[in-house]
file structure-v2.csv (CSV, C-alpha atoms and all ligand atoms)
chain,number,residue,atom,x,y,z
A,7,MET,CA,-55.7,28.9,-3.1
A,8,ASN,CA,-54.9,32.1,-5.0
A,9,LEU,CA,-52.6,32.3,-8.1
A,10,ARG,CA,-49.9,34.3,-6.4
A,11,PHE,CA,-49.6,31.7,-3.6
A,12,THR,CA,-49.3,28.9,-6.1
A,13,THR,CA,-46.6,30.8,-8.1
A,14,ASN,CA,-44.6,31.4,-4.9
A,15,ILE,CA,-44.8,27.7,-4.0
A,16,LEU,CA,-43.6,26.7,-7.5
A,17,ARG,CA,-40.7,29.1,-7.3
A,18,LEU,CA,-39.7,27.7,-3.9
A,19,MET,CA,-39.9,24.1,-5.3
A,20,THR,CA,-37.7,25.0,-8.3
A,21,TYR,CA,-35.1,26.7,-6.0
A,22,ASN,CA,-35.1,23.6,-3.8
A,23,LEU,CA,-34.7,21.3,-6.8
A,24,ARG,CA,-31.7,23.3,-8.1
A,25,LEU,CA,-30.1,23.3,-4.7
A,26,LEU,CA,-30.6,19.5,-4.5
A,27,LEU,CA,-29.0,19.0,-7.9
A,28,VAL,CA,-26.0,21.1,-6.9
A,29,LEU,CA,-25.5,19.1,-3.7
A,30,VAL,CA,-25.8,15.8,-5.6
A,31,PHE,CA,-23.2,17.0,-8.1
A,32,ILE,CA,-20.8,18.0,-5.3
A,33,ALA,CA,-21.3,14.7,-3.5
A,34,GLY,CA,-20.6,12.9,-6.8
A,35,CYS,CA,-17.4,14.7,-7.3
A,36,THR,CA,-16.1,14.1,-3.8
A,37,LYS,CA,-16.9,10.4,-4.0
A,38,SER,CA,-15.1,9.9,-7.3
A,39,GLN,CA,-11.8,11.4,-5.9
A,40,THR,CA,-10.1,8.2,-4.8
A,41,SER,CA,-10.4,4.5,-5.7
A,42,PHE,CA,-10.2,3.3,-2.1
A,43,THR,CA,-13.0,0.7,-1.5
A,44,SER,CA,-15.2,1.0,1.6
A,45,ASP,CA,-13.5,-2.1,3.0
A,46,GLU,CA,-10.0,-0.6,2.5
A,47,ILE,CA,-11.1,2.7,4.2
A,48,GLU,CA,-12.6,0.7,7.1
A,49,THR,CA,-9.4,-1.3,7.6
A,50,ILE,CA,-7.2,1.8,7.6
A,51,ASN,CA,-9.6,3.7,9.9
A,52,LYS,CA,-9.7,0.8,12.3
A,53,TYR,CA,-6.2,1.7,13.5
A,54,PRO,CA,-6.0,5.5,13.7
A,55,GLN,CA,-2.3,6.5,14.0
A,56,GLN,CA,-1.6,3.0,15.5
A,57,LYS,CA,0.1,-0.1,14.3
A,58,MET,CA,-2.1,-2.3,12.2
A,59,ARG,CA,-2.8,-6.0,12.5
A,60,VAL,CA,-0.3,-8.1,10.5
A,61,LEU,CA,-1.8,-10.8,8.4
A,62,LEU,CA,-0.4,-14.3,9.1
A,63,TYR,CA,0.5,-17.0,6.6
A,64,ASP,CA,-0.7,-19.7,9.1
A,65,ASP,CA,-4.2,-18.2,9.1
A,66,LYS,CA,-6.3,-19.6,6.2
A,67,THR,CA,-8.2,-16.3,5.4
A,68,ASP,CA,-5.1,-14.2,5.8
A,69,SER,CA,-3.1,-16.6,3.7
A,70,LEU,CA,-5.6,-16.4,0.8
A,71,PHE,CA,-5.5,-12.5,1.1
A,72,LEU,CA,-1.6,-12.5,1.0
A,73,ARG,CA,-1.7,-14.5,-2.3
A,74,GLN,CA,-3.8,-11.9,-4.2
A,75,GLN,CA,-2.4,-9.7,-7.0
A,76,THR,CA,-2.5,-6.1,-5.7
A,77,LYS,CA,-3.9,-3.1,-7.4
A,78,GLU,CA,-2.2,0.2,-8.2
A,79,PHE,CA,-3.0,3.7,-6.7
A,80,SER,CA,-4.4,6.6,-8.7
A,81,ASP,CA,-2.8,10.1,-8.4
A,82,GLU,CA,-6.0,11.1,-6.3
A,83,ASP,CA,-5.3,8.1,-4.0
A,84,LEU,CA,-1.7,9.2,-3.4
A,85,GLN,CA,-2.8,12.7,-2.5
A,86,SER,CA,-5.5,11.6,-0.1
A,87,ASP,CA,-5.5,11.7,3.7
A,88,ILE,CA,-6.4,8.0,3.8
A,89,PHE,CA,-3.2,7.2,1.9
A,90,LYS,CA,-1.1,9.3,4.3
A,91,ASN,CA,-2.7,7.5,7.2
A,92,LEU,CA,-2.0,4.1,5.6
A,93,LYS,CA,1.7,5.1,5.3
A,94,ALA,CA,2.0,6.3,8.9
A,95,GLN,CA,0.3,3.2,10.2
A,96,MET,CA,2.4,0.8,8.1
A,97,LEU,CA,5.5,2.6,9.5
A,98,LEU,CA,4.3,2.1,13.1
A,99,THR,CA,3.6,-1.6,12.2
A,100,VAL,CA,7.1,-2.3,10.8
A,101,LEU,CA,8.7,-0.4,13.7
A,102,ASP,CA,6.7,-2.3,16.3
A,103,THR,CA,9.3,-3.3,19.0
A,104,ALA,CA,7.6,-6.6,19.6
A,105,ASN,CA,8.2,-7.7,16.0
A,106,THR,CA,10.4,-5.2,14.1
A,107,GLY,CA,11.0,-5.6,10.4
A,108,VAL,CA,13.2,-4.1,7.7
A,109,GLY,CA,10.4,-3.8,5.2
A,110,ILE,CA,6.6,-4.2,4.9
A,111,ALA,CA,4.1,-4.5,2.0
A,112,ALA,CA,0.5,-3.2,2.1
A,113,PRO,CA,-1.1,-6.7,1.7
A,114,GLN,CA,0.5,-7.6,5.0
A,115,VAL,CA,-1.8,-5.1,6.8
A,116,GLY,CA,-4.8,-6.1,4.8
A,117,ILE,CA,-4.6,-3.6,2.0
A,118,SER,CA,-4.2,-5.2,-1.4
A,119,ARG,CA,-2.4,-2.3,-3.1
A,120,ARG,CA,1.1,-1.8,-4.7
A,121,LEU,CA,2.8,-0.1,-1.7
A,122,ILE,CA,5.9,-1.0,0.2
A,123,ALA,CA,8.2,0.4,2.8
A,124,VAL,CA,11.9,-0.5,2.7
A,125,GLN,CA,14.6,0.4,5.2
A,126,ARG,CA,17.4,1.9,3.0
A,127,PHE,CA,20.5,0.5,4.6
A,128,ASP,CA,22.4,2.0,1.7
A,129,LYS,CA,21.5,5.6,2.7
A,130,PRO,CA,22.8,7.7,5.6
A,131,ASP,CA,20.7,7.2,8.8
A,132,GLU,CA,19.1,4.1,7.1
A,133,PRO,CA,15.6,5.7,6.7
A,134,PHE,CA,12.4,3.8,5.9
A,135,GLU,CA,11.1,4.9,2.5
A,136,PHE,CA,7.7,4.2,0.8
A,137,TYR,CA,7.4,3.2,-2.9
A,138,ALA,CA,3.9,3.3,-4.6
A,139,ASN,CA,3.1,1.3,-7.7
A,140,ALA,CA,6.5,-0.3,-7.5
A,141,TYR,CA,7.9,-2.8,-10.0
A,142,ILE,CA,11.3,-4.3,-10.5
A,143,VAL,CA,12.4,-3.7,-14.1
A,144,TYR,CA,15.9,-5.1,-13.9
A,145,PHE,CA,17.4,-8.0,-12.0
A,146,SER,CA,21.2,-8.5,-12.2
A,147,ASP,CA,22.6,-11.9,-13.2
A,148,GLU,CA,24.9,-11.6,-10.2
A,149,LYS,CA,23.2,-13.3,-7.3
A,150,ARG,CA,23.6,-13.5,-3.6
A,151,ILE,CA,22.1,-16.1,-1.1
A,152,GLY,CA,21.0,-14.9,2.3
A,153,ALA,CA,18.6,-15.7,5.1
A,154,GLU,CA,15.2,-14.0,5.1
A,155,GLY,CA,12.3,-13.8,7.5
A,156,CYS,CA,8.8,-12.3,7.1
A,157,LEU,CA,6.5,-10.4,9.5
A,158,SER,CA,3.6,-12.6,8.2
A,159,ILE,CA,5.6,-15.9,8.9
A,160,PRO,CA,6.9,-15.4,12.4
A,161,ASN,CA,9.7,-17.5,14.0
A,162,ARG,CA,11.0,-18.9,10.7
A,163,ARG,CA,13.9,-18.0,8.4
A,164,GLY,CA,15.2,-19.5,5.2
A,165,ASN,CA,17.8,-18.9,2.6
A,166,VAL,CA,16.8,-17.3,-0.7
A,167,GLU,CA,18.8,-16.5,-3.8
A,168,ARG,CA,18.3,-12.8,-4.9
A,169,SER,CA,19.8,-10.5,-7.4
A,170,GLU,CA,22.7,-8.4,-6.1
A,171,THR,CA,21.4,-5.3,-8.0
A,172,ILE,CA,17.9,-4.3,-9.1
A,173,VAL,CA,16.3,-1.3,-10.8
A,174,VAL,CA,12.9,-0.4,-9.2
A,175,LYS,CA,10.3,1.8,-11.0
A,176,TYR,CA,7.7,3.6,-8.8
A,177,ILE,CA,5.7,6.7,-8.4
A,178,ASP,CA,7.1,9.3,-5.9
A,179,THR,CA,4.3,9.8,-3.4
A,180,GLU,CA,5.1,13.5,-2.9
A,181,SER,CA,5.8,14.7,-6.5
A,182,LEU,CA,3.5,12.0,-8.1
A,183,LYS,CA,6.3,11.7,-10.8
A,184,PRO,CA,7.5,8.3,-12.1
A,185,CYS,CA,11.0,7.5,-10.8
A,186,ALA,CA,13.6,4.7,-11.0
A,187,ASP,CA,16.3,3.8,-8.6
A,188,THR,CA,19.2,1.4,-8.9
A,189,VAL,CA,19.7,-0.5,-5.6
A,190,SER,CA,22.4,-3.0,-4.6
A,191,GLY,CA,23.2,-5.2,-1.6
A,192,PHE,CA,20.8,-5.9,1.4
A,193,SER,CA,18.4,-3.1,0.5
A,194,ALA,CA,18.0,-4.7,-3.0
A,195,VAL,CA,17.1,-7.9,-1.2
A,196,ILE,CA,14.4,-6.1,0.8
A,197,PHE,CA,13.0,-4.6,-2.4
A,198,GLN,CA,12.8,-8.0,-4.0
A,199,HIS,CA,11.1,-9.6,-0.9
A,200,GLU,CA,8.5,-6.8,-0.5
A,201,ILE,CA,7.7,-6.4,-4.2
A,202,ASP,CA,7.1,-10.2,-4.3
A,203,HIS,CA,4.4,-9.6,-1.7
A,204,LEU,CA,2.6,-7.3,-4.2
A,205,ASP,CA,2.4,-10.2,-6.6
A,206,GLY,CA,1.2,-12.7,-4.0
A,207,VAL,CA,4.6,-14.3,-3.7
A,208,LEU,CA,6.2,-15.2,-0.4
A,209,TYR,CA,9.9,-16.0,0.3
A,210,ILE,CA,9.0,-19.6,1.3
A,211,ASP,CA,8.1,-20.1,-2.3
A,212,LYS,CA,11.8,-19.5,-3.3
A,213,LEU,CA,13.7,-21.3,-0.6
A,214,TYR,CA,17.3,-22.2,-1.6
A,215,PRO,CA,18.2,-25.8,-0.8
A,216,ASP,CA,20.5,-25.9,2.2
A,217,ALA,CA,24.0,-27.1,1.4
B,301,ZN,ZN,7.5,-10.6,4.0

call {"tool": "encode", "arguments": {"input": "structure-v2.csv", "output": "structure tokens", "more": "lines below"}}
Ligand SMILES: [Zn+2]
result
Amino acid sequence: MNLRFTTNILRLMTYNLRLLLVLVFIAGCTKSQTSFTSDEIETINKYPQQKMRVLLYDDKTDSLFLRQQTKEFSDEDLQSDIFKNLKAQMLLTVLDTANTGVGIAAPQVGISRRLIAVQRFDKPDEPFEFYANAYIVYFSDEKRIGAEGCLSIPNRRGNVERSETIVVKYIDTESLKPCADTVSGFSAVIFQHEIDHLDGVLYIDKLYPDA
């Protein structure tokens, strides 16, 4: 083996090592972009542009999942394709003609995150809107009692006392800016029901005694 050959081999090895380090760095950056777990990504990818399985209160494993405290999204999460897919699939799930709802929370489709969709009956055309990292920061003393049902508790309804007006704080999923909205009436009831889901609370925990 001559000296020139050895030098060339060493140069090649150094180049390959540099290339490897650059690739490892790029892979590291891509991986740290979102906080979605591999389980969450698997659950979302299981239903590509389809309705998702709704977790049921009567199933023991589902029930324990529904009782968990959910986690917030990062800005990177909100900008990701996996988040967009989750929103699209939650919408298909709540619009399912076999079991249509007026709202849905991410834990109901097996994703323990602070995300809800609410049908805004207080807006023209009554659109479904998504609210990420949503919290209610004001509950009016004025209450209303009304019957509620839940996609996770089929074929049951019960009366619940809710505030007539609430203020909801959330992150706008397009602008990523913190927002607040004052909501009254039936839409306010849906917000209270769905945001309860994010804290592991179900409407059956709050049943109002029948008169
Ligand atoms: Zn529900």

call {"tool": "residues_around", "arguments": {"input": "structure-v2.csv", "residues": "Val166 in chain A", "least_positions_apart": "4", "cutoff": "8 Å", "atoms": "all atoms listed in the file", "output": "ChimeraX atom specification"}}
result
/A:151-154,209,212-214

call {"tool": "residues_around", "arguments": {"input": "structure-v2.csv", "residues": "Ile47 in chain A", "least_positions_apart": "6", "cutoff": "10 Å", "atoms": "all atoms listed in the file", "output": "PyMOL selection string"}}
result
chain A and resi 88-89+92+117

call {"tool": "residues_near_ligand", "arguments": {"input": "structure-v2.csv", "ligand": "ligand ZN 301 (chain B)", "cutoff": "7 Å", "atoms": "all atoms listed in the file", "output": "PDB file with C-alpha atoms, in the coordinates of the input"}}
result
ATOM      1  CA  ILE A 110       6.600  -4.200   4.900  1.00  0.00           C
ATOM      2  CA  GLY A 155      12.300 -13.800   7.500  1.00  0.00           C
ATOM      3  CA  CYS A 156       8.800 -12.300   7.100  1.00  0.00           C
ATOM      4  CA  LEU A 157       6.500 -10.400   9.500  1.00  0.00           C
ATOM      5  CA  SER A 158       3.600 -12.600   8.200  1.00  0.00           C
ATOM      6  CA  HIS A 199      11.100  -9.600  -0.900  1.00  0.00           C
ATOM      7  CA  GLU A 200       8.500  -6.800  -0.500  1.00  0.00           C
ATOM      8  CA  HIS A 203       4.400  -9.600  -1.700  1.00  0.00           C
ATOM      9  CA  LEU A 208       6.200 -15.200  -0.400  1.00  0.00           C
ATOM     10  CA  TYR A 209       9.900 -16.000   0.300  1.00  0.00           C
TER      11      TYR A 209
END

call {"tool": "atom_distance", "arguments": {"input": "structure-v2.csv", "atom1": "CA of Ile142 in chain A", "atom2": "CA of Val174 in chain A"}}
result
4.4 Å

call {"tool": "residues_around", "arguments": {"input": "structure-v2.csv", "residues": "Phe127 in chain A", "least_positions_apart": "3", "cutoff": "9 Å", "atoms": "all atoms listed in the file", "output": "PyMOL selection string"}}
result
chain A and resi 124+130-134+191-193

call {"tool": "atom_distance", "arguments": {"input": "structure-v2.csv", "atom1": "CA of Ser86 in chain A", "atom2": "CA of Asp205 in chain A"}}
result
24.1 Å

call {"tool": "decode", "arguments": {"input": "structure-v2.csv", "residues": "range 132-154 of chain A", "atoms": "N, CA and C atoms", "output": "mmCIF file, in the first residue's frame"}}
result
data_model
loop_
_atom_site.group_PDB
_atom_site.id
_atom_site.type_symbol
_atom_site.label_atom_id
_atom_site.label_comp_id
_atom_site.auth_asym_id
_atom_site.auth_seq_id
_atom_site.Cartn_x
_atom_site.Cartn_y
_atom_site.Cartn_z
ATOM 1 N N GLU A 132 -73.853 28.468 10.609
ATOM 2 C CA GLU A 132 -73.567 27.518 11.697
ATOM 3 C C GLU A 132 -72.360 26.611 11.411
ATOM 4 N N PRO A 133 -71.167 27.218 11.217
ATOM 5 C CA PRO A 133 -69.986 26.415 10.857
ATOM 6 C C PRO A 133 -69.413 25.650 12.064
ATOM 7 N N PHE A 134 -68.706 24.558 11.767
ATOM 8 C CA PHE A 134 -67.889 23.908 12.802
ATOM 9 C C PHE A 134 -66.551 24.650 12.859
ATOM 10 N N GLU A 135 -66.113 24.992 14.061
ATOM 11 C CA GLU A 135 -64.818 25.672 14.189
ATOM 12 C C GLU A 135 -63.953 24.923 15.204
ATOM 13 N N PHE A 136 -62.625 24.964 14.970
ATOM 14 C CA PHE A 136 -61.676 24.270 15.850
ATOM 15 C C PHE A 136 -61.004 25.263 16.796
ATOM 16 N N TYR A 137 -60.781 24.810 18.028
ATOM 17 C CA TYR A 137 -60.114 25.639 19.041
ATOM 18 C C TYR A 137 -59.021 24.789 19.698
ATOM 19 N N ALA A 138 -57.772 25.255 19.571
ATOM 20 C CA ALA A 138 -56.644 24.520 20.135
ATOM 21 C C ALA A 138 -56.214 25.172 21.449
ATOM 22 N N ASN A 139 -55.722 24.364 22.359
ATOM 23 C CA ASN A 139 -55.280 24.831 23.679
ATOM 24 C C ASN A 139 -56.361 25.697 24.331
ATOM 25 N N ALA A 140 -57.604 25.211 24.265
ATOM 26 C CA ALA A 140 -58.770 25.980 24.722
ATOM 27 C C ALA A 140 -59.013 25.818 26.229
ATOM 28 N N TYR A 141 -59.316 26.958 26.853
ATOM 29 C CA TYR A 141 -59.680 27.013 28.282
ATOM 30 C C TYR A 141 -60.837 27.991 28.434
ATOM 31 N N ILE A 142 -61.740 27.715 29.372
ATOM 32 C CA ILE A 142 -62.784 28.698 29.683
ATOM 33 C C ILE A 142 -62.272 29.553 30.838
ATOM 34 N N VAL A 143 -62.236 30.869 30.619
ATOM 35 C CA VAL A 143 -61.665 31.764 31.633
ATOM 36 C C VAL A 143 -62.746 32.581 32.339
ATOM 37 N N TYR A 144 -64.005 32.445 31.912
ATOM 38 C CA TYR A 144 -65.115 33.113 32.599
ATOM 39 C C TYR A 144 -66.385 32.292 32.421
ATOM 40 N N PHE A 145 -67.088 32.067 33.531
ATOM 41 C CA PHE A 145 -68.408 31.414 33.519
ATOM 42 C C PHE A 145 -69.410 32.396 34.116
ATOM 43 N N SER A 146 -70.490 32.709 33.404
ATOM 44 C CA SER A 146 -71.492 33.635 33.951
ATOM 45 C C SER A 146 -72.232 32.977 35.111
ATOM 46 N N ASP A 147 -72.698 33.829 36.056
ATOM 47 C CA ASP A 147 -73.527 33.325 37.160
ATOM 48 C C ASP A 147 -74.902 32.904 36.642
ATOM 49 N N GLU A 148 -75.305 33.530 35.529
ATOM 50 C CA GLU A 148 -76.591 33.152 34.939
ATOM 51 C C GLU A 148 -76.467 31.757 34.339
ATOM 52 N N LYS A 149 -77.348 30.853 34.762
ATOM 53 C CA LYS A 149 -77.257 29.459 34.320
ATOM 54 C C LYS A 149 -78.453 29.085 33.456
ATOM 55 N N ARG A 150 -78.315 27.956 32.769
ATOM 56 C CA ARG A 150 -79.419 27.371 32.011
ATOM 57 C C ARG A 150 -79.334 25.867 32.182
ATOM 58 N N ILE A 151 -80.477 25.208 32.160
ATOM 59 C CA ILE A 151 -80.493 23.746 32.275
ATOM 60 C C ILE A 151 -80.994 23.177 30.955
ATOM 61 N N GLY A 152 -80.263 22.224 30.415
ATOM 62 C CA GLY A 152 -80.672 21.641 29.136
ATOM 63 C C GLY A 152 -80.180 20.216 28.998
ATOM 64 N N ALA A 153 -80.822 19.461 28.101
ATOM 65 C CA ALA A 153 -80.461 18.058 27.874
ATOM 66 C C ALA A 153 -79.204 17.977 27.008
ATOM 67 N N GLU A 154 -78.297 17.082 27.400
ATOM 68 C CA GLU A 154 -77.074 16.859 26.628
ATOM 69 C C GLU A 154 -76.912 15.381 26.322
#
